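Here is the file start-v7.csv (CSV, C-alpha atoms).
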chain,number,residue,atom,x,y,z
A,1,MET,CA,-25.3,6.8,9.7
A,2,MET,CA,-22.4,4.9,11.4
A,3,LYS,CA,-19.4,5.8,13.5
A,4,ARG,CA,-16.0,5.1,12.0
A,5,ASP,CA,-14.5,3.6,15.2
A,6,LYS,CA,-17.4,1.2,15.5
A,7,CYS,CA,-17.1,0.2,11.9
A,8,PHE,CA,-13.4,-0.5,12.4
A,9,ARG,CA,-14.2,-2.6,15.5
A,10,VAL,CA,-16.3,-4.7,13.2
A,11,LEU,CA,-13.5,-5.0,10.6
A,12,ALA,CA,-10.9,-5.9,13.3
A,13,ARG,CA,-12.9,-9.0,14.2
A,14,HIS,CA,-12.2,-10.4,10.8
A,15,VAL,CA,-8.7,-9.1,10.2
A,16,THR,CA,-5.9,-11.6,10.8
A,17,ASP,CA,-2.8,-11.5,8.6
A,18,GLU,CA,-3.9,-8.9,6.1
A,19,VAL,CA,-1.9,-5.7,5.5
A,20,VAL,CA,-4.0,-2.7,6.5
A,21,VAL,CA,-3.1,0.6,4.8
A,22,SER,CA,-4.5,3.7,6.3
A,23,THR,CA,-3.8,7.4,6.9
A,24,TYR,CA,-5.0,10.4,8.9
A,25,SER,CA,-8.2,9.8,10.9
A,26,SER,CA,-8.6,6.3,9.7
A,27,ALA,CA,-5.1,5.5,10.8
A,28,VAL,CA,-5.7,7.0,14.2
A,29,ASP,CA,-8.9,5.0,14.8
A,30,TRP,CA,-7.4,1.8,13.4
A,31,LEU,CA,-4.3,2.1,15.5
A,32,ASN,CA,-6.5,2.7,18.6
A,33,LEU,CA,-7.7,-0.9,18.2
A,34,GLY,CA,-4.2,-2.3,18.7
A,35,GLU,CA,-0.7,-2.5,17.4
A,36,ARG,CA,-0.1,-4.8,14.4
A,37,THR,CA,3.2,-5.2,12.5
A,38,LEU,CA,1.1,-5.4,9.3
A,39,ASN,CA,-0.2,-1.9,9.6
A,40,TYR,CA,1.1,0.5,6.9
A,41,PHE,CA,0.8,4.2,7.7
A,42,SER,CA,3.7,5.8,5.8
A,43,VAL,CA,1.8,6.8,2.7
A,44,GLY,CA,2.8,10.4,2.4
A,45,ALA,CA,-0.3,12.4,1.6
A,46,MET,CA,-2.6,13.5,-1.2
A,47,GLY,CA,-4.6,10.3,-1.3
A,48,LEU,CA,-1.8,7.9,-2.2
A,49,ASP,CA,-2.8,5.3,0.4
A,50,SER,CA,-4.8,3.5,-2.3
A,51,SER,CA,-1.8,3.5,-4.6
A,52,HIS,CA,0.5,2.1,-1.9
A,53,ALA,CA,-2.2,-0.6,-1.4
A,54,LEU,CA,-2.2,-1.4,-5.1
A,55,GLY,CA,1.6,-1.8,-5.0
A,56,LEU,CA,1.4,-4.2,-2.0
A,57,ALA,CA,-1.4,-6.1,-3.7
A,58,LEU,CA,0.6,-6.5,-6.9
A,59,GLY,CA,3.8,-7.4,-5.0
A,60,ARG,CA,2.1,-10.0,-2.8
A,61,PRO,CA,-0.8,-11.4,-4.8
A,62,ASN,CA,-1.4,-14.2,-2.3
A,63,LYS,CA,-1.9,-11.8,0.6
A,64,ARG,CA,-5.0,-9.7,1.3
A,65,ILE,CA,-4.5,-6.0,1.3
A,66,ILE,CA,-7.1,-3.7,2.9
A,67,CYS,CA,-7.0,0.1,2.3
A,68,LEU,CA,-8.9,2.3,4.7
A,69,GLN,CA,-9.1,5.6,2.9
A,70,GLY,CA,-10.9,8.9,3.8
A,71,ASP,CA,-13.2,10.6,1.3
A,72,GLY,CA,-11.0,13.7,1.1
A,73,SER,CA,-8.0,11.4,0.4
A,74,LEU,CA,-9.8,9.6,-2.4
A,75,LEU,CA,-10.8,12.9,-4.0
A,76,MET,CA,-7.1,13.8,-4.3
A,77,ASN,CA,-6.4,10.6,-6.2
A,78,LEU,CA,-9.6,9.7,-8.0
A,79,GLY,CA,-7.6,8.3,-10.9
A,80,CYS,CA,-6.6,5.4,-8.7
A,81,LEU,CA,-10.1,3.9,-9.1
A,82,VAL,CA,-9.4,3.4,-12.8
A,83,THR,CA,-5.8,2.3,-12.2
A,84,ILE,CA,-6.8,-0.3,-9.6
A,85,ALA,CA,-9.8,-1.6,-11.7
A,86,ALA,CA,-7.5,-2.0,-14.7
A,87,ALA,CA,-4.7,-3.7,-12.7
A,88,ALA,CA,-7.5,-5.9,-11.1
A,89,PRO,CA,-5.7,-7.2,-8.1
A,90,ARG,CA,-7.9,-10.0,-6.7
A,91,ASN,CA,-6.5,-9.5,-3.2
A,92,LEU,CA,-7.3,-5.8,-2.7
A,93,VAL,CA,-10.2,-4.5,-0.6
A,94,HIS,CA,-10.6,-0.7,-0.9
A,95,ILE,CA,-12.8,0.8,1.8
A,96,VAL,CA,-13.6,4.5,1.7
A,97,VAL,CA,-14.8,6.1,4.9
A,98,GLN,CA,-17.2,9.0,3.9
A,99,ASN,CA,-17.9,11.6,6.4
A,100,GLY,CA,-17.9,14.6,4.0
A,101,THR,CA,-15.0,16.4,5.5
A,102,TYR,CA,-11.3,16.9,5.4
A,103,GLU,CA,-11.3,15.9,9.0
A,104,ALA,CA,-7.5,16.0,9.7
A,105,ASN,CA,-7.3,19.5,8.3
A,106,GLY,CA,-9.9,21.4,10.3
A,107,GLY,CA,-13.1,19.5,9.4
A,108,HIS,CA,-13.9,21.6,6.4
A,109,PRO,CA,-16.4,20.0,4.0
A,110,ILE,CA,-15.3,18.2,0.8
A,111,PRO,CA,-16.5,20.1,-2.3
A,112,ASN,CA,-19.6,17.9,-2.7
A,113,THR,CA,-20.5,15.9,0.4
A,114,GLU,CA,-23.1,13.9,-1.6
A,115,VAL,CA,-20.5,12.5,-4.1
A,116,GLU,CA,-21.2,8.8,-4.8
A,117,PHE,CA,-17.9,7.0,-4.6
A,118,ALA,CA,-19.5,3.6,-5.0
A,119,ALA,CA,-20.9,4.6,-8.3
A,120,MET,CA,-17.5,5.8,-9.4
A,121,ALA,CA,-15.9,2.6,-8.4
A,122,ARG,CA,-18.6,0.6,-10.2
A,123,ALA,CA,-18.1,2.6,-13.3
A,124,ALA,CA,-14.3,2.3,-13.1
A,125,GLY,CA,-14.6,-1.4,-13.2
A,126,TYR,CA,-14.1,-2.8,-9.6
A,127,ALA,CA,-15.2,-6.4,-9.4
A,128,HIS,CA,-17.5,-5.9,-6.4
A,129,VAL,CA,-18.9,-2.6,-5.0
A,130,HIS,CA,-20.7,-2.1,-1.7
A,131,GLU,CA,-22.2,0.7,0.3
A,132,PHE,CA,-23.1,0.7,4.0
A,133,SER,CA,-24.9,3.2,6.1
A,134,GLU,CA,-26.2,0.9,8.9
A,135,LEU,CA,-23.9,-0.8,11.3
A,136,ALA,CA,-26.0,-3.9,11.7
A,137,ASN,CA,-25.9,-4.4,7.9
A,138,PHE,CA,-22.1,-3.9,7.8
A,139,GLU,CA,-21.6,-6.3,10.7
A,140,GLN,CA,-23.6,-8.9,8.7
A,141,GLN,CA,-21.6,-8.4,5.5
A,142,ALA,CA,-18.1,-7.5,6.6
A,143,ALA,CA,-16.6,-11.0,6.5
A,144,HIS,CA,-18.1,-11.5,3.1
A,145,VAL,CA,-16.7,-8.2,1.8
A,146,LEU,CA,-13.2,-8.9,3.0
A,147,LYS,CA,-13.2,-12.4,1.4
A,148,GLN,CA,-14.5,-11.5,-2.0
A,149,GLU,CA,-12.3,-11.7,-5.1
A,150,GLY,CA,-11.1,-8.2,-5.8
A,151,PRO,CA,-10.7,-5.5,-6.5
A,152,VAL,CA,-13.5,-4.9,-3.9
A,153,PHE,CA,-14.8,-1.4,-3.1
A,154,ALA,CA,-16.9,-0.4,-0.2
A,155,THR,CA,-18.1,3.0,1.0
A,156,LEU,CA,-18.8,3.4,4.8
A,157,HIS,CA,-21.1,6.3,5.4
A,158,VAL,CA,-20.1,7.7,8.8
A,159,GLU,CA,-20.7,10.7,11.1
A,160,ARG,CA,-18.1,13.3,11.7
A,161,THR,CA,-16.2,12.6,15.0
A,162,LYS,CA,-14.9,14.9,17.7
A,163,PRO,CA,-11.4,16.2,16.9
A,164,LEU,CA,-8.8,13.4,17.1
A,165,THR,CA,-5.2,13.7,18.2
A,166,TYR,CA,-2.8,12.9,15.3
A,167,ASP,CA,0.5,11.5,16.6
A,168,TYR,CA,2.3,11.7,13.3
A,169,PRO,CA,5.8,10.9,14.7
A,170,ASN,CA,4.4,7.7,16.0
A,171,LEU,CA,2.4,6.8,12.9
A,172,TYR,CA,5.4,7.5,10.6
A,173,ASP,CA,8.0,6.0,12.9
A,174,PRO,CA,10.7,4.4,10.7
A,175,ALA,CA,10.7,1.4,13.0
A,176,ARG,CA,7.2,0.6,11.7
A,177,ARG,CA,8.3,0.6,8.1
A,178,LYS,CA,11.3,-1.6,8.9
A,179,ALA,CA,9.2,-4.1,10.9
A,180,LEU,CA,6.6,-4.2,8.1
A,181,LYS,CA,9.1,-4.8,5.4
A,182,ALA,CA,10.8,-7.5,7.4
A,183,ALA,CA,7.4,-9.2,8.1
A,184,LEU,CA,6.4,-9.1,4.4
A,185,GLN,CA,9.7,-10.4,3.2
A,186,SER,CA,9.8,-13.3,5.7
A,187,SER,CA,6.3,-14.5,5.3
B,1,MET,CA,4.4,5.4,-38.9
B,2,ASP,CA,3.2,6.9,-35.6
B,3,ALA,CA,4.9,10.2,-34.7
B,4,ASP,CA,6.3,8.7,-31.5
B,5,LEU,CA,8.3,6.2,-33.4
B,6,LEU,CA,10.3,8.8,-35.2
B,7,THR,CA,13.6,10.1,-33.9
B,8,GLU,CA,14.0,13.9,-33.7
B,9,PRO,CA,14.5,15.5,-37.1
B,10,ASP,CA,18.2,16.4,-37.7
B,11,ASP,CA,19.4,14.3,-34.7
B,12,LYS,CA,22.4,12.4,-36.0
B,13,ILE,CA,22.9,10.5,-32.7
B,14,GLU,CA,20.9,7.4,-32.0
B,15,LEU,CA,20.0,6.4,-28.4
B,16,LYS,CA,18.7,2.9,-28.8
B,17,GLY,CA,15.6,2.0,-26.7
B,18,SER,CA,16.5,-1.6,-26.8
B,19,GLY,CA,19.7,-0.9,-24.9
B,20,ILE,CA,17.9,1.0,-22.2
B,21,ILE,CA,15.3,-1.7,-21.8
B,22,ALA,CA,18.1,-4.3,-21.5
B,23,ALA,CA,19.6,-2.2,-18.8
B,24,ILE,CA,16.3,-1.9,-17.0
B,25,LYS,CA,15.9,-5.7,-17.0
B,26,ALA,CA,19.4,-6.2,-15.9
B,27,SER,CA,18.7,-4.0,-12.9
B,28,GLY,CA,16.1,-6.5,-11.7
B,29,ILE,CA,13.1,-4.3,-12.5
B,30,GLU,CA,9.9,-6.3,-12.7
B,31,PHE,CA,7.3,-3.6,-12.9
B,32,VAL,CA,7.2,-0.5,-15.0
B,33,LEU,CA,4.7,2.2,-13.9
B,34,SER,CA,3.9,4.8,-16.4
B,35,VAL,CA,1.9,7.7,-17.8
B,36,PRO,CA,2.9,8.1,-21.5
B,37,ASP,CA,5.5,10.6,-22.5
B,38,ILE,CA,6.2,11.4,-26.1
B,39,VAL,CA,10.0,11.4,-25.6
B,40,THR,CA,10.0,7.8,-24.4
B,41,SER,CA,6.8,6.6,-26.0
B,42,GLY,CA,8.1,4.9,-29.2
B,43,GLY,CA,11.5,3.7,-28.0
B,44,LEU,CA,10.6,2.6,-24.5
B,45,LEU,CA,6.9,2.4,-23.5
B,46,ARG,CA,5.7,0.6,-26.7
B,47,PRO,CA,8.3,-2.2,-26.5
B,48,ILE,CA,7.9,-2.4,-22.8
B,49,ALA,CA,4.2,-2.9,-23.2
B,50,ARG,CA,4.9,-5.9,-25.5
B,51,ASP,CA,7.7,-7.4,-23.4
B,52,PRO,CA,6.5,-10.4,-21.4
B,53,GLU,CA,9.4,-10.0,-18.9
B,54,LEU,CA,8.1,-6.7,-17.7
B,55,LYS,CA,4.8,-5.9,-16.0
B,56,LEU,CA,3.5,-2.6,-17.2
B,57,ILE,CA,1.0,-0.8,-14.9
B,58,ARG,CA,-0.6,2.1,-16.7
B,59,VAL,CA,-1.6,4.8,-14.2
B,60,CYS,CA,-3.8,7.9,-14.5
B,61,LYS,CA,-1.4,10.4,-12.9
B,62,GLU,CA,2.3,10.2,-12.2
B,63,ASP,CA,2.2,10.5,-8.4
B,64,GLU,CA,0.3,7.2,-8.3
B,65,CYS,CA,3.6,5.6,-9.5
B,66,ILE,CA,5.4,6.8,-6.3
B,67,GLY,CA,2.9,5.1,-4.0
B,68,ILE,CA,2.7,1.9,-6.1
B,69,ALA,CA,6.5,1.6,-6.3
B,70,SER,CA,6.7,2.1,-2.5
B,71,GLY,CA,4.2,-0.7,-1.9
B,72,LEU,CA,6.1,-3.0,-4.2
B,73,SER,CA,9.4,-2.2,-2.5
B,74,TYR,CA,8.0,-3.6,0.8
B,75,CYS,CA,7.4,-6.8,-1.1
B,76,ASP,CA,11.0,-6.9,-2.4
B,77,LYS,CA,9.8,-6.1,-5.9
B,78,ARG,CA,11.6,-3.6,-8.1
B,79,ALA,CA,9.7,-1.0,-10.1
B,80,LEU,CA,10.6,1.8,-12.6
B,81,THR,CA,8.5,4.9,-12.9
B,82,LEU,CA,8.6,6.0,-16.5
B,83,ILE,CA,7.2,9.5,-16.9
B,84,GLN,CA,7.7,12.9,-18.5
B,85,TYR,CA,9.3,15.8,-16.6
B,86,THR,CA,5.9,17.5,-16.3
B,87,GLY,CA,4.7,14.5,-14.3
B,88,PHE,CA,7.8,14.6,-12.2
B,89,LEU,CA,7.1,18.2,-11.3
B,90,ASP,CA,3.4,17.3,-10.6
B,91,SER,CA,4.6,14.5,-8.2
B,92,ILE,CA,7.0,16.5,-6.2
B,93,ASN,CA,5.1,16.2,-2.9
B,94,ALA,CA,4.8,12.4,-3.2
B,95,ILE,CA,8.5,12.2,-4.0
B,96,ARG,CA,9.3,14.5,-1.1
B,97,GLY,CA,7.3,12.5,1.4
B,98,ILE,CA,7.7,8.9,0.3
B,99,ALA,CA,10.9,8.8,-1.6
B,100,VAL,CA,13.0,11.3,0.3
B,101,GLU,CA,11.6,11.5,3.9
B,102,TYR,CA,10.7,7.8,4.1
B,103,GLY,CA,13.8,6.8,2.2
B,104,GLN,CA,12.1,4.5,-0.3
B,105,PRO,CA,13.9,3.2,-3.4
B,106,ILE,CA,11.8,5.1,-6.0
B,107,CYS,CA,13.5,4.8,-9.4
B,108,MET,CA,12.3,7.4,-12.0
B,109,MET,CA,13.1,7.5,-15.7
B,110,ILE,CA,12.1,11.0,-16.8
B,111,GLY,CA,11.7,12.2,-20.4
B,112,LEU,CA,12.8,15.7,-21.0
B,113,LEU,CA,10.2,17.0,-23.4
B,114,GLY,CA,11.3,19.9,-25.5
B,115,HIS,CA,15.0,19.5,-24.5
B,116,ASP,CA,17.8,20.1,-27.0
B,117,PRO,CA,19.9,17.0,-26.6
B,118,TYR,CA,23.0,18.9,-27.9
B,119,THR,CA,23.1,21.0,-24.7
B,120,THR,CA,22.8,20.2,-21.0
B,121,PRO,CA,19.5,20.1,-19.2
B,122,ARG,CA,20.6,23.2,-17.2
B,123,ASN,CA,21.0,25.0,-20.4
B,124,SER,CA,17.9,23.6,-22.1
B,125,PRO,CA,15.8,25.9,-24.2
B,126,ARG,CA,12.8,24.7,-22.2
B,127,TYR,CA,12.3,26.4,-18.8
B,128,GLY,CA,10.7,23.3,-17.3
B,129,VAL,CA,13.7,21.2,-18.2
B,130,ARG,CA,16.2,23.8,-16.9
B,131,ILE,CA,14.8,23.5,-13.4
B,132,ILE,CA,14.8,19.7,-13.1
B,133,GLU,CA,18.4,19.1,-12.0
B,134,PRO,CA,18.3,22.1,-9.5
B,135,ILE,CA,15.2,20.6,-8.0
B,136,LEU,CA,16.7,17.2,-7.8
B,137,ASP,CA,19.8,18.7,-6.2
B,138,ALA,CA,17.7,20.6,-3.7
B,139,MET,CA,15.9,17.4,-2.7
B,140,GLY,CA,19.1,15.5,-2.5
B,141,ILE,CA,18.1,13.0,-5.2
B,142,PRO,CA,20.9,11.5,-7.2
B,143,HIS,CA,20.4,11.9,-11.0
B,144,HIS,CA,22.0,10.8,-14.2
B,145,LEU,CA,21.6,12.0,-17.7
B,146,VAL,CA,21.0,9.3,-20.4
B,147,ASN,CA,21.7,11.2,-23.6
B,148,GLU,CA,23.8,8.9,-25.7
B,149,GLU,CA,24.7,5.2,-25.9
B,150,ALA,CA,27.6,5.5,-23.4
B,151,ASP,CA,25.2,6.8,-20.8
B,152,VAL,CA,23.1,3.6,-20.8
B,153,ALA,CA,25.8,2.0,-18.7
B,154,LYS,CA,24.8,4.3,-15.8
B,155,ILE,CA,21.3,2.8,-15.5
B,156,ARG,CA,22.0,-0.5,-13.8
B,157,PRO,CA,24.4,0.8,-11.1
B,158,ALA,CA,22.1,3.7,-10.3
B,159,ILE,CA,19.1,1.4,-9.8
B,160,GLU,CA,21.2,-1.1,-7.9
B,161,ASP,CA,22.4,1.6,-5.6
B,162,ALA,CA,18.9,3.0,-5.0
B,163,TYR,CA,17.6,-0.4,-3.8
B,164,ALA,CA,20.8,-1.3,-1.9
B,165,ASN,CA,20.7,1.9,0.1
B,166,SER,CA,16.9,2.7,-0.1
B,167,HIS,CA,16.9,6.1,-1.7
B,168,PRO,CA,15.3,7.6,-4.8
B,169,VAL,CA,17.1,8.1,-8.1
B,170,ALA,CA,16.3,10.0,-11.3
B,171,LEU,CA,17.4,8.9,-14.8
B,172,LEU,CA,16.9,11.8,-17.2
B,173,ILE,CA,16.3,10.8,-20.8
B,174,GLY,CA,17.8,13.7,-22.8
B,175,ARG,CA,16.9,12.6,-26.3
B,176,ARG,CA,14.2,10.4,-27.9
B,177,PRO,CA,15.3,6.8,-27.8
B,178,SER,CA,14.9,5.0,-31.1
B,179,ALA,CA,12.6,2.0,-31.4
B,180,SER,CA,15.6,-0.2,-32.4
So that I can check it, write out the structure of this file as structure tokens.
Amino acid sequence: MMKRDKCFRVLARHVTDEVVVSTYSSAVDWLNLGERTLNYFSVGAMGLDSSHALGLALGRPNKRIICLQGDGSLLMNLGCLVTIAAAAPRNLVHIVVQNGTYEANGGHPIPNTEVEFAAMARAAGYAHVHEFSELANFEQQAAHVLKQEGPVFATLHVERTKPLTYDYPNLYDPARRKALKAALQSS
Amino acid sequence: MDADLLTEPDDKIELKGSGIIAAIKASGIEFVLSVPDIVTSGGLLRPIARDPELKLIRVCKEDECIGIASGLSYCDKRALTLIQYTGFLDSINAIRGIAVEYGQPICMMIGLLGHDPYTTPRNSPRYGVRIIEPILDAMGIPHHLVNEEADVAKIRPAIEDAYANSHPVALLIGRRPSAS
């Protein structure tokens, strides 16, 4: 079992000009690694982070889009797996961080902590599907996962963390949206 | 002929789907995001699916459209969400957060299933239709009824305004558009 923040440190070594979409605990841990204009946090709720990522991927087919989604979020928007697989954006990497809980809402368990998201993504039709439980293996494969022709799916099996502080006014600051839009429209 | 290609029995007024689609294109819409709706199925969704000038993304559930349209808007790409009023009701939280609170140009074309086009939505025989305009008003979302040919002229300015000023808009389809 891995730790989410350590997984994200691994990812961050390989992320350059990709747009990273994330929410809740994933957004907090990702932002802790540093400010980036190409971070996209304003996704609303109910698992729509992956849908925003699909929109970005369709709108900018020559730019890589990475979605860091929690397992509780994906459960609220499972249909996105089928939608994304059908739309088949080559530039989308969909990473689901599975810790078995609705971490941002009290740490209660998801209905079935053993649910196999990778199997679902494979059945939905993603081009490449991965599953990682050991950090050393993830470190070895991360660059490859991020560069594969998408849609790519990966489950990261991680431990629950201690309670995080969710600074939503900062995450959802309109200035972030404005800066992201300007960056995407000028690049 | 499939049932969705028929106009409502006894409806003497024709609302041409081709005119609506022309207005959608004239508005700069490149992507149509949709879950099928029987009101707009034959007159809009089928021809849109065949139209090489529009990119149709079929989604599993209507709230996905709101997220996808938001992502596209960051890339300066225009999208239309084509759904039934039931899907609109199911997507209220996404619309609240993304379209209203984040001020995103989410353009929705909403079929009013079960509506009597000879009355107003607020006086519809269908409860679900009667509550649509009051909900839009409560959320501060501009809305326009497209019920007859003259209403088609509302589409382009409504979409242009939504993108120019970054706010959502709802276009309510009051009668089944014809496939002509």
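Between atom CA of B:Ser41 and atom CA of B:Ser18 the separation is 12.7 Å.
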Considering only C-alpha atoms, give me a table of residues in chain B that are at most 12 Å from chain A, with the closest atom pair and distance in Å for each, as JSON lines.
{"residue": "B:Glu30", "atom": "CA", "partner": "A:Gly59", "partner_atom": "CA", "distance": 9.9}
{"residue": "B:Phe31", "atom": "CA", "partner": "A:Gly59", "partner_atom": "CA", "distance": 9.4}
{"residue": "B:Val32", "atom": "CA", "partner": "A:Gly55", "partner_atom": "CA", "distance": 11.5}
{"residue": "B:Leu33", "atom": "CA", "partner": "A:Gly55", "partner_atom": "CA", "distance": 10.2}
{"residue": "B:Ser34", "atom": "CA", "partner": "A:Thr83", "partner_atom": "CA", "distance": 10.9}
{"residue": "B:Val35", "atom": "CA", "partner": "A:Thr83", "partner_atom": "CA", "distance": 10.9}
{"residue": "B:Lys55", "atom": "CA", "partner": "A:Leu58", "partner_atom": "CA", "distance": 10.0}
{"residue": "B:Leu56", "atom": "CA", "partner": "A:Ala87", "partner_atom": "CA", "distance": 9.4}
{"residue": "B:Ile57", "atom": "CA", "partner": "A:Ala87", "partner_atom": "CA", "distance": 6.8}
{"residue": "B:Arg58", "atom": "CA", "partner": "A:Thr83", "partner_atom": "CA", "distance": 6.9}
{"residue": "B:Val59", "atom": "CA", "partner": "A:Thr83", "partner_atom": "CA", "distance": 5.3}
{"residue": "B:Cys60", "atom": "CA", "partner": "A:Gly79", "partner_atom": "CA", "distance": 5.2}
{"residue": "B:Lys61", "atom": "CA", "partner": "A:Gly79", "partner_atom": "CA", "distance": 6.8}
{"residue": "B:Glu62", "atom": "CA", "partner": "A:Gly79", "partner_atom": "CA", "distance": 10.2}
{"residue": "B:Asp63", "atom": "CA", "partner": "A:Leu48", "partner_atom": "CA", "distance": 7.8}
{"residue": "B:Glu64", "atom": "CA", "partner": "A:Ser51", "partner_atom": "CA", "distance": 5.6}
{"residue": "B:Cys65", "atom": "CA", "partner": "A:Ser51", "partner_atom": "CA", "distance": 7.6}
{"residue": "B:Ile66", "atom": "CA", "partner": "A:His52", "partner_atom": "CA", "distance": 8.1}
{"residue": "B:Gly67", "atom": "CA", "partner": "A:His52", "partner_atom": "CA", "distance": 4.4}
{"residue": "B:Ile68", "atom": "CA", "partner": "A:Gly55", "partner_atom": "CA", "distance": 4.0}
{"residue": "B:Ala69", "atom": "CA", "partner": "A:Gly55", "partner_atom": "CA", "distance": 6.1}
{"residue": "B:Ser70", "atom": "CA", "partner": "A:His52", "partner_atom": "CA", "distance": 6.2}
{"residue": "B:Gly71", "atom": "CA", "partner": "A:Gly55", "partner_atom": "CA", "distance": 4.2}
{"residue": "B:Leu72", "atom": "CA", "partner": "A:Gly55", "partner_atom": "CA", "distance": 4.7}
{"residue": "B:Ser73", "atom": "CA", "partner": "A:Gly59", "partner_atom": "CA", "distance": 8.0}
{"residue": "B:Tyr74", "atom": "CA", "partner": "A:Lys181", "partner_atom": "CA", "distance": 4.9}
{"residue": "B:Cys75", "atom": "CA", "partner": "A:Gly59", "partner_atom": "CA", "distance": 5.3}
{"residue": "B:Asp76", "atom": "CA", "partner": "A:Gln185", "partner_atom": "CA", "distance": 6.7}
{"residue": "B:Lys77", "atom": "CA", "partner": "A:Gly59", "partner_atom": "CA", "distance": 6.2}
{"residue": "B:Arg78", "atom": "CA", "partner": "A:Gly59", "partner_atom": "CA", "distance": 9.2}
{"residue": "B:Ala79", "atom": "CA", "partner": "A:Gly55", "partner_atom": "CA", "distance": 9.6}
{"residue": "B:Asp90", "atom": "CA", "partner": "A:Met46", "partner_atom": "CA", "distance": 11.8}
{"residue": "B:Ser91", "atom": "CA", "partner": "A:Met46", "partner_atom": "CA", "distance": 10.1}
{"residue": "B:Ile92", "atom": "CA", "partner": "A:Met46", "partner_atom": "CA", "distance": 11.2}
{"residue": "B:Asn93", "atom": "CA", "partner": "A:Ala45", "partner_atom": "CA", "distance": 8.0}
{"residue": "B:Ala94", "atom": "CA", "partner": "A:Gly44", "partner_atom": "CA", "distance": 6.3}
{"residue": "B:Ile95", "atom": "CA", "partner": "A:Gly44", "partner_atom": "CA", "distance": 8.8}
{"residue": "B:Arg96", "atom": "CA", "partner": "A:Gly44", "partner_atom": "CA", "distance": 8.4}
{"residue": "B:Gly97", "atom": "CA", "partner": "A:Gly44", "partner_atom": "CA", "distance": 5.1}
{"residue": "B:Ile98", "atom": "CA", "partner": "A:Gly44", "partner_atom": "CA", "distance": 5.5}
{"residue": "B:Ala99", "atom": "CA", "partner": "A:Gly44", "partner_atom": "CA", "distance": 9.2}
{"residue": "B:Val100", "atom": "CA", "partner": "A:Gly44", "partner_atom": "CA", "distance": 10.5}
{"residue": "B:Glu101", "atom": "CA", "partner": "A:Gly44", "partner_atom": "CA", "distance": 9.0}
{"residue": "B:Tyr102", "atom": "CA", "partner": "A:Pro174", "partner_atom": "CA", "distance": 7.4}
{"residue": "B:Gly103", "atom": "CA", "partner": "A:Pro174", "partner_atom": "CA", "distance": 9.4}
{"residue": "B:Gln104", "atom": "CA", "partner": "A:Arg177", "partner_atom": "CA", "distance": 10.0}
{"residue": "B:Ser166", "atom": "CA", "partner": "A:Lys178", "partner_atom": "CA", "distance": 11.4}
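Put simply, atom CA of B:Lys25 is 19.0 Å away from atom CA of B:Asn147.
The smallest atom-to-atom distance between A:His144 and any of A:Arg36, A:Arg160, A:Leu68, A:His128, using all atoms listed in the file, is found for A:His128.
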9 Å contact set for B:Gln84, all atoms listed in the file, chain neighbours under 5 positions out, as a ChimeraX atom specification: /B:35-40,62,89,109-113
Within 8 Å of (15.6, 13.5, -28.5) in the file's own coordinates, which protein, DNA or RNA residues have an atom, counting only C-alpha atoms? List them as an mmCIF file with C-alpha atoms, keeping the file's coordinate frame.
data_model
loop_
_atom_site.group_PDB
_atom_site.id
_atom_site.type_symbol
_atom_site.label_atom_id
_atom_site.label_comp_id
_atom_site.auth_asym_id
_atom_site.auth_seq_id
_atom_site.Cartn_x
_atom_site.Cartn_y
_atom_site.Cartn_z
ATOM 1 C CA THR B 7 13.600 10.100 -33.900
ATOM 2 C CA GLU B 8 14.000 13.900 -33.700
ATOM 3 C CA ASP B 11 19.400 14.300 -34.700
ATOM 4 C CA VAL B 39 10.000 11.400 -25.600
ATOM 5 C CA HIS B 115 15.000 19.500 -24.500
ATOM 6 C CA ASP B 116 17.800 20.100 -27.000
ATOM 7 C CA PRO B 117 19.900 17.000 -26.600
ATOM 8 C CA GLY B 174 17.800 13.700 -22.800
ATOM 9 C CA ARG B 175 16.900 12.600 -26.300
ATOM 10 C CA ARG B 176 14.200 10.400 -27.900
ATOM 11 C CA PRO B 177 15.300 6.800 -27.800
#
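The interatomic distance for the pair atom CA of A:Tyr126 and atom CA of A:Lys63 works out to 18.3 Å.
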Per-residue nearest contacts stretch 46-140 of chain A to stretch 24-27 of chain A, cut-off 8 Å, using all atoms listed in the file, as a Markdown table:
| residue | atom | partner | partner_atom | distance |
| --- | --- | --- | --- | --- |
| A:Leu68 | CA | A:Ser26 | CA | 6.4 |
| A:Gln69 | CA | A:Ser26 | CA | 6.9 |
| A:Gly70 | CA | A:Ser26 | CA | 6.8 |
| A:Val97 | CA | A:Ser26 | CA | 7.8 |
| A:Glu103 | CA | A:Ser25 | CA | 7.1 |
| A:Ala104 | CA | A:Tyr24 | CA | 6.2 |
Residues within 6 Å of A:His94, all atoms listed in the file, excluding chain neighbours under 4 positions, as JSON, numbers by chain: {"A": [66, 67, 152, 153]}
Neighbours of A:Ala154 within 10 Å (all atoms listed in the file; same-chain residues fewer than 6 positions away dropped), as a CSV table (one decimal) with C-alpha atoms, keeping the file's coordinate frame?
chain,number,residue,atom,x,y,z
A,68,LEU,CA,-8.9,2.3,4.7
A,93,VAL,CA,-10.2,-4.5,-0.6
A,94,HIS,CA,-10.6,-0.7,-0.9
A,95,ILE,CA,-12.8,0.8,1.8
A,96,VAL,CA,-13.6,4.5,1.7
A,97,VAL,CA,-14.8,6.1,4.9
A,117,PHE,CA,-17.9,7.0,-4.6
A,118,ALA,CA,-19.5,3.6,-5.0
A,121,ALA,CA,-15.9,2.6,-8.4
A,128,HIS,CA,-17.5,-5.9,-6.4
A,129,VAL,CA,-18.9,-2.6,-5.0
A,130,HIS,CA,-20.7,-2.1,-1.7
A,131,GLU,CA,-22.2,0.7,0.3
A,132,PHE,CA,-23.1,0.7,4.0
A,142,ALA,CA,-18.1,-7.5,6.6
A,145,VAL,CA,-16.7,-8.2,1.8
A,146,LEU,CA,-13.2,-8.9,3.0
